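Enquirer: Pasting structure-v7.csv here (CSV, C-alpha atoms):
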```csv
chain,number,residue,atom,x,y,z
A,1,MET,CA,-7.4,17.3,-6.7
A,2,SER,CA,-4.9,14.4,-6.9
A,3,ARG,CA,-2.8,13.1,-4.1
A,4,SER,CA,0.9,13.9,-4.5
A,5,ASP,CA,3.5,11.1,-4.2
A,6,ALA,CA,5.4,10.9,-1.0
A,7,PRO,CA,8.9,12.4,-1.5
A,8,GLY,CA,11.8,10.1,-1.4
A,9,GLU,CA,10.9,6.5,-2.1
A,10,HIS,CA,12.7,3.8,0.0
A,11,GLU,CA,15.0,1.6,-2.0
A,12,ASP,CA,12.7,-1.4,-1.4
A,13,GLU,CA,9.4,0.5,-1.8
A,14,LEU,CA,7.5,-0.8,-4.8
A,15,PRO,CA,6.1,1.6,-7.3
A,16,SER,CA,2.3,1.8,-7.4
A,17,MET,CA,0.2,0.5,-10.3
A,18,ALA,CA,-2.5,3.0,-9.5
A,19,ASN,CA,-2.3,6.2,-11.6
A,20,SER,CA,-1.8,8.8,-8.9
A,21,ALA,CA,-3.2,11.5,-11.2
A,22,LEU,CA,-6.6,9.8,-11.0
A,23,LEU,CA,-6.7,9.5,-7.2
A,24,ARG,CA,-8.7,12.2,-5.3
A,25,GLU,CA,-8.1,13.4,-1.7
A,26,LEU,CA,-9.7,11.0,0.8
A,27,PRO,CA,-13.1,12.1,2.3
A,28,SER,CA,-12.8,14.0,5.6
A,29,THR,CA,-15.5,12.2,7.5
A,30,GLU,CA,-15.9,8.6,8.7
A,31,ARG,CA,-19.2,8.3,6.8
A,32,GLY,CA,-17.5,9.5,3.6
A,33,LEU,CA,-14.7,7.0,4.1
A,34,ARG,CA,-17.2,4.1,4.6
A,35,THR,CA,-19.1,5.1,1.5
A,36,ARG,CA,-16.0,5.3,-0.6
A,37,SER,CA,-14.8,1.9,0.7
A,38,ALA,CA,-18.1,0.4,-0.2
A,39,LEU,CA,-17.9,1.7,-3.7
A,40,ILE,CA,-14.4,0.4,-4.2
A,41,ALA,CA,-15.4,-3.0,-2.9
A,42,ALA,CA,-18.4,-3.1,-5.2
A,43,ALA,CA,-16.3,-1.9,-8.2
A,44,ARG,CA,-13.8,-4.7,-7.6
A,45,THR,CA,-16.6,-7.3,-7.5
A,46,VAL,CA,-18.1,-6.0,-10.7
A,47,PHE,CA,-14.8,-5.7,-12.5
A,48,GLU,CA,-13.8,-9.2,-11.6
A,49,ARG,CA,-17.3,-10.5,-12.6
A,50,SER,CA,-17.8,-8.6,-15.9
A,51,GLY,CA,-14.3,-7.6,-17.0
A,52,TYR,CA,-13.1,-4.0,-17.4
A,53,LEU,CA,-14.5,-3.3,-20.8
A,54,ASP,CA,-18.0,-4.6,-20.0
A,55,THR,CA,-18.3,-2.9,-16.6
A,56,ARG,CA,-20.7,0.1,-16.5
A,57,LEU,CA,-21.0,2.7,-13.7
A,58,ILE,CA,-24.6,1.7,-13.2
A,59,ASP,CA,-23.4,-1.9,-12.5
A,60,ILE,CA,-21.1,-0.5,-9.7
A,61,THR,CA,-23.8,1.6,-8.1
A,62,LYS,CA,-26.3,-1.2,-8.2
A,63,GLU,CA,-23.7,-3.5,-6.5
A,64,ALA,CA,-23.0,-0.8,-3.9
A,65,LYS,CA,-26.7,-0.1,-3.5
A,66,CYS,CA,-26.2,3.6,-4.0
A,67,SER,CA,-27.2,6.3,-6.5
A,68,ALA,CA,-25.2,7.7,-9.4
A,69,GLY,CA,-25.0,11.0,-7.5
A,70,THR,CA,-23.3,9.3,-4.6
A,71,PHE,CA,-20.8,7.7,-7.0
A,72,TYR,CA,-19.9,11.0,-8.5
A,73,THR,CA,-19.3,12.5,-5.1
A,74,TYR,CA,-16.2,10.3,-4.8
A,75,PHE,CA,-15.3,9.3,-8.4
A,76,SER,CA,-15.7,10.9,-11.8
A,77,SER,CA,-15.2,7.8,-14.0
A,78,LYS,CA,-14.6,4.1,-14.3
A,79,GLU,CA,-10.9,4.8,-14.8
A,80,GLN,CA,-10.8,6.7,-11.5
A,81,ILE,CA,-12.5,4.0,-9.4
A,82,PHE,CA,-10.3,1.3,-11.0
A,83,ALA,CA,-7.2,3.2,-9.9
A,84,ALA,CA,-8.7,3.3,-6.4
A,85,VAL,CA,-9.3,-0.5,-6.5
A,86,LEU,CA,-5.7,-1.1,-7.5
A,87,GLU,CA,-4.4,1.2,-4.8
A,88,LEU,CA,-6.2,-0.7,-2.1
A,89,ALA,CA,-5.6,-4.2,-3.5
A,90,GLN,CA,-2.0,-4.1,-4.8
A,91,GLU,CA,-0.1,-4.6,-1.6
A,92,ASP,CA,-1.8,-7.9,-0.9
A,93,MET,CA,-2.0,-8.8,-4.5
A,94,LEU,CA,1.7,-8.4,-5.4
A,95,HIS,CA,3.6,-7.7,-2.2
A,96,PRO,CA,2.4,-10.2,0.4
A,97,GLY,CA,5.4,-9.7,2.6
A,98,MET,CA,8.2,-12.2,3.3
A,99,PRO,CA,7.5,-14.5,6.3
A,100,HIS,CA,10.1,-14.0,8.9
A,101,VAL,CA,13.2,-16.0,8.2
A,102,GLU,CA,16.4,-15.7,10.2
A,103,ALA,CA,19.3,-14.0,8.4
A,104,ASP,CA,21.5,-17.1,8.7
A,105,ALA,CA,18.8,-19.4,7.5
A,106,ASP,CA,19.2,-21.8,4.5
A,107,PRO,CA,18.9,-19.6,1.3
A,108,ALA,CA,16.6,-22.3,-0.1
A,109,ALA,CA,14.2,-21.8,2.8
A,110,ILE,CA,14.1,-18.1,2.1
A,111,VAL,CA,13.3,-18.8,-1.6
A,112,ALA,CA,10.6,-21.3,-0.6
A,113,ALA,CA,9.0,-18.9,1.9
A,114,SER,CA,9.0,-16.1,-0.7
A,115,ASN,CA,7.5,-18.4,-3.4
A,116,ARG,CA,4.8,-19.6,-1.1
A,117,ALA,CA,3.8,-16.1,0.0
A,118,TYR,CA,3.6,-15.1,-3.7
A,119,PHE,CA,1.5,-18.1,-4.7
A,120,GLU,CA,-0.9,-17.6,-1.8
A,121,ALA,CA,-1.4,-14.0,-2.6
A,122,TYR,CA,-1.8,-14.8,-6.3
A,123,LYS,CA,-4.4,-17.4,-5.5
A,124,ARG,CA,-6.4,-15.0,-3.2
A,125,ASN,CA,-6.4,-12.4,-6.0
A,126,ALA,CA,-6.6,-14.6,-9.1
A,127,ARG,CA,-9.7,-12.9,-10.6
A,128,LEU,CA,-8.1,-9.5,-10.2
A,129,MET,CA,-4.8,-10.8,-11.7
A,130,GLY,CA,-6.7,-11.9,-14.8
A,131,LEU,CA,-8.4,-8.5,-15.0
A,132,LEU,CA,-5.0,-6.8,-15.0
A,133,GLU,CA,-4.0,-8.7,-18.1
A,134,GLN,CA,-7.1,-7.4,-19.9
A,135,VAL,CA,-6.5,-3.8,-18.8
A,136,ALA,CA,-2.8,-3.9,-19.7
A,137,SER,CA,-3.7,-4.9,-23.2
A,138,ILE,CA,-5.9,-1.8,-23.8
A,139,ASP,CA,-4.4,0.9,-21.5
A,140,PRO,CA,-0.8,2.0,-22.3
A,141,GLU,CA,-0.4,4.1,-19.2
A,142,PHE,CA,-1.5,1.2,-16.9
A,143,ARG,CA,0.8,-1.1,-18.9
A,144,ARG,CA,3.7,1.2,-18.2
A,145,LEU,CA,2.9,1.4,-14.5
A,146,ARG,CA,2.5,-2.3,-14.2
A,147,GLN,CA,5.8,-2.9,-16.0
A,148,ARG,CA,7.5,-0.4,-13.7
A,149,ARG,CA,6.3,-2.4,-10.7
A,150,ALA,CA,7.4,-5.7,-12.2
A,151,ASP,CA,10.8,-4.3,-12.9
A,152,ALA,CA,11.1,-3.3,-9.3
A,153,PHE,CA,10.5,-6.9,-8.3
A,154,VAL,CA,13.2,-8.0,-10.7
A,155,LEU,CA,15.7,-5.5,-9.3
A,156,ARG,CA,14.9,-6.6,-5.7
A,157,ASN,CA,15.5,-10.3,-6.6
A,158,ALA,CA,18.6,-9.4,-8.5
A,159,ARG,CA,20.0,-7.7,-5.4
A,160,SER,CA,19.3,-10.9,-3.4
A,161,ILE,CA,21.0,-13.1,-6.0
A,162,GLU,CA,24.0,-10.7,-6.0
A,163,SER,CA,24.2,-11.0,-2.2
A,164,LEU,CA,24.2,-14.8,-2.4
A,165,GLN,CA,26.9,-14.7,-5.1
A,166,ALA,CA,29.0,-12.5,-2.8
A,167,ARG,CA,28.7,-15.0,0.0
A,168,GLY,CA,29.6,-17.9,-2.3
A,169,LEU,CA,26.0,-19.4,-2.1
A,170,ALA,CA,25.0,-18.9,-5.8
A,171,ASP,CA,26.6,-19.4,-9.2
A,172,THR,CA,28.9,-16.4,-9.7
A,173,GLU,CA,29.0,-16.8,-13.5
A,174,LEU,CA,25.4,-15.8,-13.8
A,175,ASP,CA,24.4,-12.2,-14.5
A,176,PRO,CA,22.2,-11.5,-11.4
A,177,LEU,CA,19.8,-9.2,-13.3
A,178,LEU,CA,19.2,-11.5,-16.2
A,179,ALA,CA,18.9,-14.5,-13.9
A,180,SER,CA,16.4,-12.6,-11.8
A,181,ARG,CA,14.3,-11.6,-14.9
A,182,ALA,CA,14.2,-15.2,-16.0
A,183,LEU,CA,13.3,-16.7,-12.7
A,184,SER,CA,10.9,-14.0,-11.7
A,185,GLY,CA,9.1,-14.4,-15.1
A,186,MET,CA,8.9,-18.2,-14.5
A,187,ILE,CA,7.2,-17.8,-11.2
A,188,SER,CA,4.8,-15.1,-12.5
A,189,ARG,CA,3.7,-17.1,-15.5
A,190,LEU,CA,3.4,-20.3,-13.5
A,191,ALA,CA,1.1,-18.6,-11.1
A,192,PHE,CA,-0.9,-17.1,-13.9
A,193,GLY,CA,-1.3,-20.4,-15.6
A,194,TYR,CA,-2.5,-22.3,-12.5
A,195,PHE,CA,-4.6,-19.6,-10.8
A,196,VAL,CA,-6.0,-17.6,-13.7
A,197,THR,CA,-6.1,-19.4,-17.0
A,198,ARG,CA,-6.0,-22.9,-15.6
A,199,ASP,CA,-4.3,-24.0,-18.8
A,200,GLY,CA,-2.3,-26.9,-17.5
A,201,LEU,CA,-3.0,-30.4,-18.6
A,202,PRO,CA,-6.0,-32.0,-16.9
A,203,GLU,CA,-3.8,-34.2,-14.7
A,204,GLU,CA,-1.9,-31.2,-13.5
A,205,ARG,CA,-4.9,-29.3,-12.2
A,206,ASN,CA,-4.9,-31.1,-8.9
A,207,VAL,CA,-1.4,-30.0,-8.0
A,208,ASP,CA,-1.7,-28.4,-4.5
A,209,LEU,CA,0.1,-25.3,-3.2
A,210,ASP,CA,2.8,-27.4,-1.5
A,211,GLU,CA,3.8,-29.2,-4.7
A,212,LEU,CA,3.7,-25.9,-6.7
A,213,THR,CA,5.9,-24.2,-4.1
A,214,ARG,CA,8.3,-27.2,-3.9
A,215,THR,CA,8.7,-27.5,-7.7
A,216,ALA,CA,9.2,-23.7,-8.2
A,217,THR,CA,11.7,-23.6,-5.4
A,218,ARG,CA,13.6,-26.6,-6.7
A,219,LEU,CA,13.9,-25.0,-10.1
A,220,TRP,CA,15.0,-21.6,-8.6
A,221,VAL,CA,17.6,-23.2,-6.3
A,222,ASN,CA,18.9,-25.5,-9.1
A,223,ALA,CA,19.2,-22.6,-11.6
A,224,LEU,CA,21.3,-20.6,-9.1
A,225,ARG,CA,23.2,-23.7,-7.9
A,226,ILE,CA,22.5,-22.9,-4.3
A,227,PRO,CA,24.1,-25.5,-2.1
A,228,GLY,CA,22.0,-28.1,-0.4
```
Would you mind writing the structure in this file as structure tokens?
Expert:
Amino acid sequence: MSRSDAPGEHEDELPSMANSALLRELPSTERGLRTRSALIAAARTVFERSGYLDTRLIDITKEAKCSAGTFYTYFSSKEQIFAAVLELAQEDMLHPGMPHVEADADPAAIVAASNRAYFEAYKRNARLMGLLEQVASIDPEFRRLRQRRADAFVLRNARSIESLQARGLADTELDPLLASRALSGMISRLAFGYFVTRDGLPEERNVDLDELTRTATRLWVNALRIPG
């Protein structure tokens, strides 16, 4: 049995990347919940170590120190436990939460706080972020869910840009949605390059989180012509 989606998503609620059709009801006992959690943690370890394609169910059960029968009590396939891994990890992975910033604060400070939170979460979950690229290249349904979530981030940022424009704090000649798509894509690919592929020039690899945040924020603020 799959868990139904909660009715009525909040405007700022981000769509899930986990395929809800693959998610079973949670166990009804504390022991069942612990066992399920242990299997999910083991699966994430193996997925990150071996990649999605090369991960076998026996590798997951070995990592979790349990039998195949125990695995099938909670999950029926690799696809199903991968969905459970995503459901558990995705809020920290892609929605770290904005640090508290006063409403009348400098807009550049808000951008900087948001960028830092994103980079910190990306760094914590770098191996999983790399894994998502692999799965998106082979699974059309996951690719669709992932794009839907990315689009929700773009729309959220577009609303923020539009609000700044209305207050005279950003370039009003920019299309807020297109600007958001460009700037959000820049931040995402910058994080992927530094924390996943490490494909920067050798001398760039020692850039710390402060410098990464500072540079990304400067580019964002300059692009929108935010004062100060």
Enquirer: Can you sort out the box for range 69-85 of chain A, edges along x, y and z, all listed atoms in, 6 Å on every side, with centre and edge lengths in Å to one decimal, as JSON?
Expert:
```
{"center_x": -16.1, "center_y": 6.0, "center_z": -9.7, "size_x": 29.8, "size_y": 25.0, "size_z": 22.2}
```
Enquirer: Neighbours of range 40-45 of chain A within 8 Å (all atoms listed in the file; same-chain residues fewer than 5 positions away dropped), as a PyMOL selection string?
Expert: chain A and resi 60-61+63-64+81-82+84-85+128
Enquirer: Which value, in Å to one decimal, gives the distance between CA of Asp175 in chain A and CA of Ala109 in chain A?
Expert: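 Computed distance, CA of Asp175 in chain A to CA of Ala109 in chain A, equals 22.3 Å.
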Enquirer: So that I can see what lies close to range 21-32 of chain A, please list as a PyMOL selection string the residues with an atom at most 12 Å from it, counting all atoms listed in the file and leaving out residues fewer than 2 positions away in the same chain.
Expert: chain A and resi 1-5+16-19+34-39+70-88+141-142
Enquirer: Taking all atoms listed in the file into account, name the residue in A:Asp92, A:Val207, A:Lys65, A:Leu132 that is nearest to Leu53 in chain A.
Expert: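 Of all the options, A:Leu132 lies closest to Leu53 in chain A.
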Enquirer: Out of A:Leu178, A:Ala191, A:Ala150, A:Leu57, which residue has the shortest atom-to-atom distance to Glu120 in chain A when counting all atoms listed in the file?
Expert: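 The shortest atom-to-atom distance to Glu120 in chain A comes from A:Ala191.
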Enquirer: Within 12 Å of (-7.6, -8.7, -21.4) in the file's own coordinates, which protein, DNA or RNA residues have an atom, counting all atoms listed in the file? List them as a PyMOL selection string.
Expert: chain A and resi 47-48+50-54+127-139+143+196-197
Enquirer: For range 115-126 of chain A, where the input has fewer atoms than it should, I would like all heavy atoms rebuilt and written as a compact mmCIF listing (two decimals), in the coordinates of the input.
Expert:
```
# COMPACT_ATOMS: atom_id res chain seq x y z
N ASN A 115 8.35 -17.79 -2.35
CA ASN A 115 7.50 -18.40 -3.40
C ASN A 115 6.11 -18.70 -2.84
O ASN A 115 5.08 -18.44 -3.48
CB ASN A 115 8.13 -19.63 -3.97
CG ASN A 115 9.24 -19.31 -4.95
OD1 ASN A 115 9.31 -18.21 -5.49
ND2 ASN A 115 10.12 -20.27 -5.18
N ARG A 116 6.06 -19.28 -1.65
CA ARG A 116 4.80 -19.60 -1.10
C ARG A 116 3.92 -18.40 -0.82
O ARG A 116 2.72 -18.38 -1.13
CB ARG A 116 4.96 -20.42 0.24
CG ARG A 116 3.64 -20.69 0.97
CD ARG A 116 3.82 -21.60 2.16
NE ARG A 116 3.96 -22.98 1.74
CZ ARG A 116 2.96 -23.78 1.43
NH1 ARG A 116 1.71 -23.33 1.45
NH2 ARG A 116 3.17 -25.02 1.06
N ALA A 117 4.52 -17.36 -0.26
CA ALA A 117 3.80 -16.10 0.00
C ALA A 117 3.24 -15.55 -1.31
O ALA A 117 2.10 -15.06 -1.36
CB ALA A 117 4.68 -15.12 0.70
N TYR A 118 4.04 -15.60 -2.36
CA TYR A 118 3.60 -15.10 -3.70
C TYR A 118 2.45 -15.89 -4.22
O TYR A 118 1.44 -15.32 -4.67
CB TYR A 118 4.79 -15.09 -4.62
CG TYR A 118 4.48 -14.52 -5.98
CD1 TYR A 118 4.51 -13.15 -6.20
CD2 TYR A 118 4.13 -15.34 -7.05
CE1 TYR A 118 4.21 -12.61 -7.44
CE2 TYR A 118 3.84 -14.81 -8.29
CZ TYR A 118 3.89 -13.44 -8.49
OH TYR A 118 3.59 -12.93 -9.72
N PHE A 119 2.58 -17.21 -4.18
CA PHE A 119 1.50 -18.10 -4.70
C PHE A 119 0.22 -17.90 -3.91
O PHE A 119 -0.88 -17.89 -4.48
CB PHE A 119 1.94 -19.54 -4.71
CG PHE A 119 2.95 -19.89 -5.77
CD1 PHE A 119 3.99 -20.77 -5.48
CD2 PHE A 119 2.85 -19.38 -7.05
CE1 PHE A 119 4.92 -21.10 -6.46
CE2 PHE A 119 3.78 -19.71 -8.03
CZ PHE A 119 4.82 -20.57 -7.73
N GLU A 120 0.33 -17.80 -2.60
CA GLU A 120 -0.90 -17.60 -1.80
C GLU A 120 -1.58 -16.33 -2.11
O GLU A 120 -2.82 -16.29 -2.22
CB GLU A 120 -0.50 -17.69 -0.29
CG GLU A 120 -0.14 -19.10 0.20
CD GLU A 120 0.34 -19.10 1.63
OE1 GLU A 120 0.70 -18.02 2.15
OE2 GLU A 120 0.37 -20.20 2.24
N ALA A 121 -0.82 -15.25 -2.26
CA ALA A 121 -1.40 -14.00 -2.60
C ALA A 121 -2.03 -14.00 -4.00
O ALA A 121 -3.10 -13.44 -4.24
CB ALA A 121 -0.37 -12.86 -2.50
N TYR A 122 -1.35 -14.66 -4.91
CA TYR A 122 -1.80 -14.80 -6.30
C TYR A 122 -3.16 -15.54 -6.31
O TYR A 122 -4.11 -15.15 -6.99
CB TYR A 122 -0.80 -15.47 -7.15
CG TYR A 122 -0.77 -15.01 -8.60
CD1 TYR A 122 0.28 -14.25 -9.08
CD2 TYR A 122 -1.79 -15.35 -9.49
CE1 TYR A 122 0.33 -13.84 -10.40
CE2 TYR A 122 -1.75 -14.93 -10.80
CZ TYR A 122 -0.68 -14.18 -11.26
OH TYR A 122 -0.66 -13.78 -12.57
N LYS A 123 -3.22 -16.61 -5.55
CA LYS A 123 -4.40 -17.40 -5.50
C LYS A 123 -5.60 -16.62 -4.92
O LYS A 123 -6.72 -16.68 -5.43
CB LYS A 123 -4.19 -18.68 -4.67
CG LYS A 123 -5.37 -19.64 -4.63
CD LYS A 123 -5.02 -20.90 -3.85
CE LYS A 123 -6.19 -21.87 -3.84
NZ LYS A 123 -5.86 -23.11 -3.06
N ARG A 124 -5.34 -15.84 -3.86
CA ARG A 124 -6.40 -15.00 -3.20
C ARG A 124 -6.94 -13.99 -4.23
O ARG A 124 -8.11 -13.62 -4.16
CB ARG A 124 -5.85 -14.28 -2.02
CG ARG A 124 -5.68 -15.10 -0.77
CD ARG A 124 -5.48 -14.20 0.44
NE ARG A 124 -4.36 -13.28 0.32
CZ ARG A 124 -3.11 -13.57 0.67
NH1 ARG A 124 -2.82 -14.77 1.13
NH2 ARG A 124 -2.15 -12.67 0.55
N ASN A 125 -6.08 -13.52 -5.11
CA ASN A 125 -6.40 -12.40 -6.00
C ASN A 125 -6.47 -12.84 -7.47
O ASN A 125 -6.26 -12.01 -8.36
CB ASN A 125 -5.44 -11.28 -5.82
CG ASN A 125 -5.50 -10.67 -4.43
OD1 ASN A 125 -6.38 -9.89 -4.12
ND2 ASN A 125 -4.55 -11.05 -3.59
N ALA A 126 -6.75 -14.11 -7.72
CA ALA A 126 -6.60 -14.60 -9.10
C ALA A 126 -7.53 -13.89 -10.07
O ALA A 126 -7.11 -13.59 -11.20
CB ALA A 126 -6.99 -16.13 -9.09
```
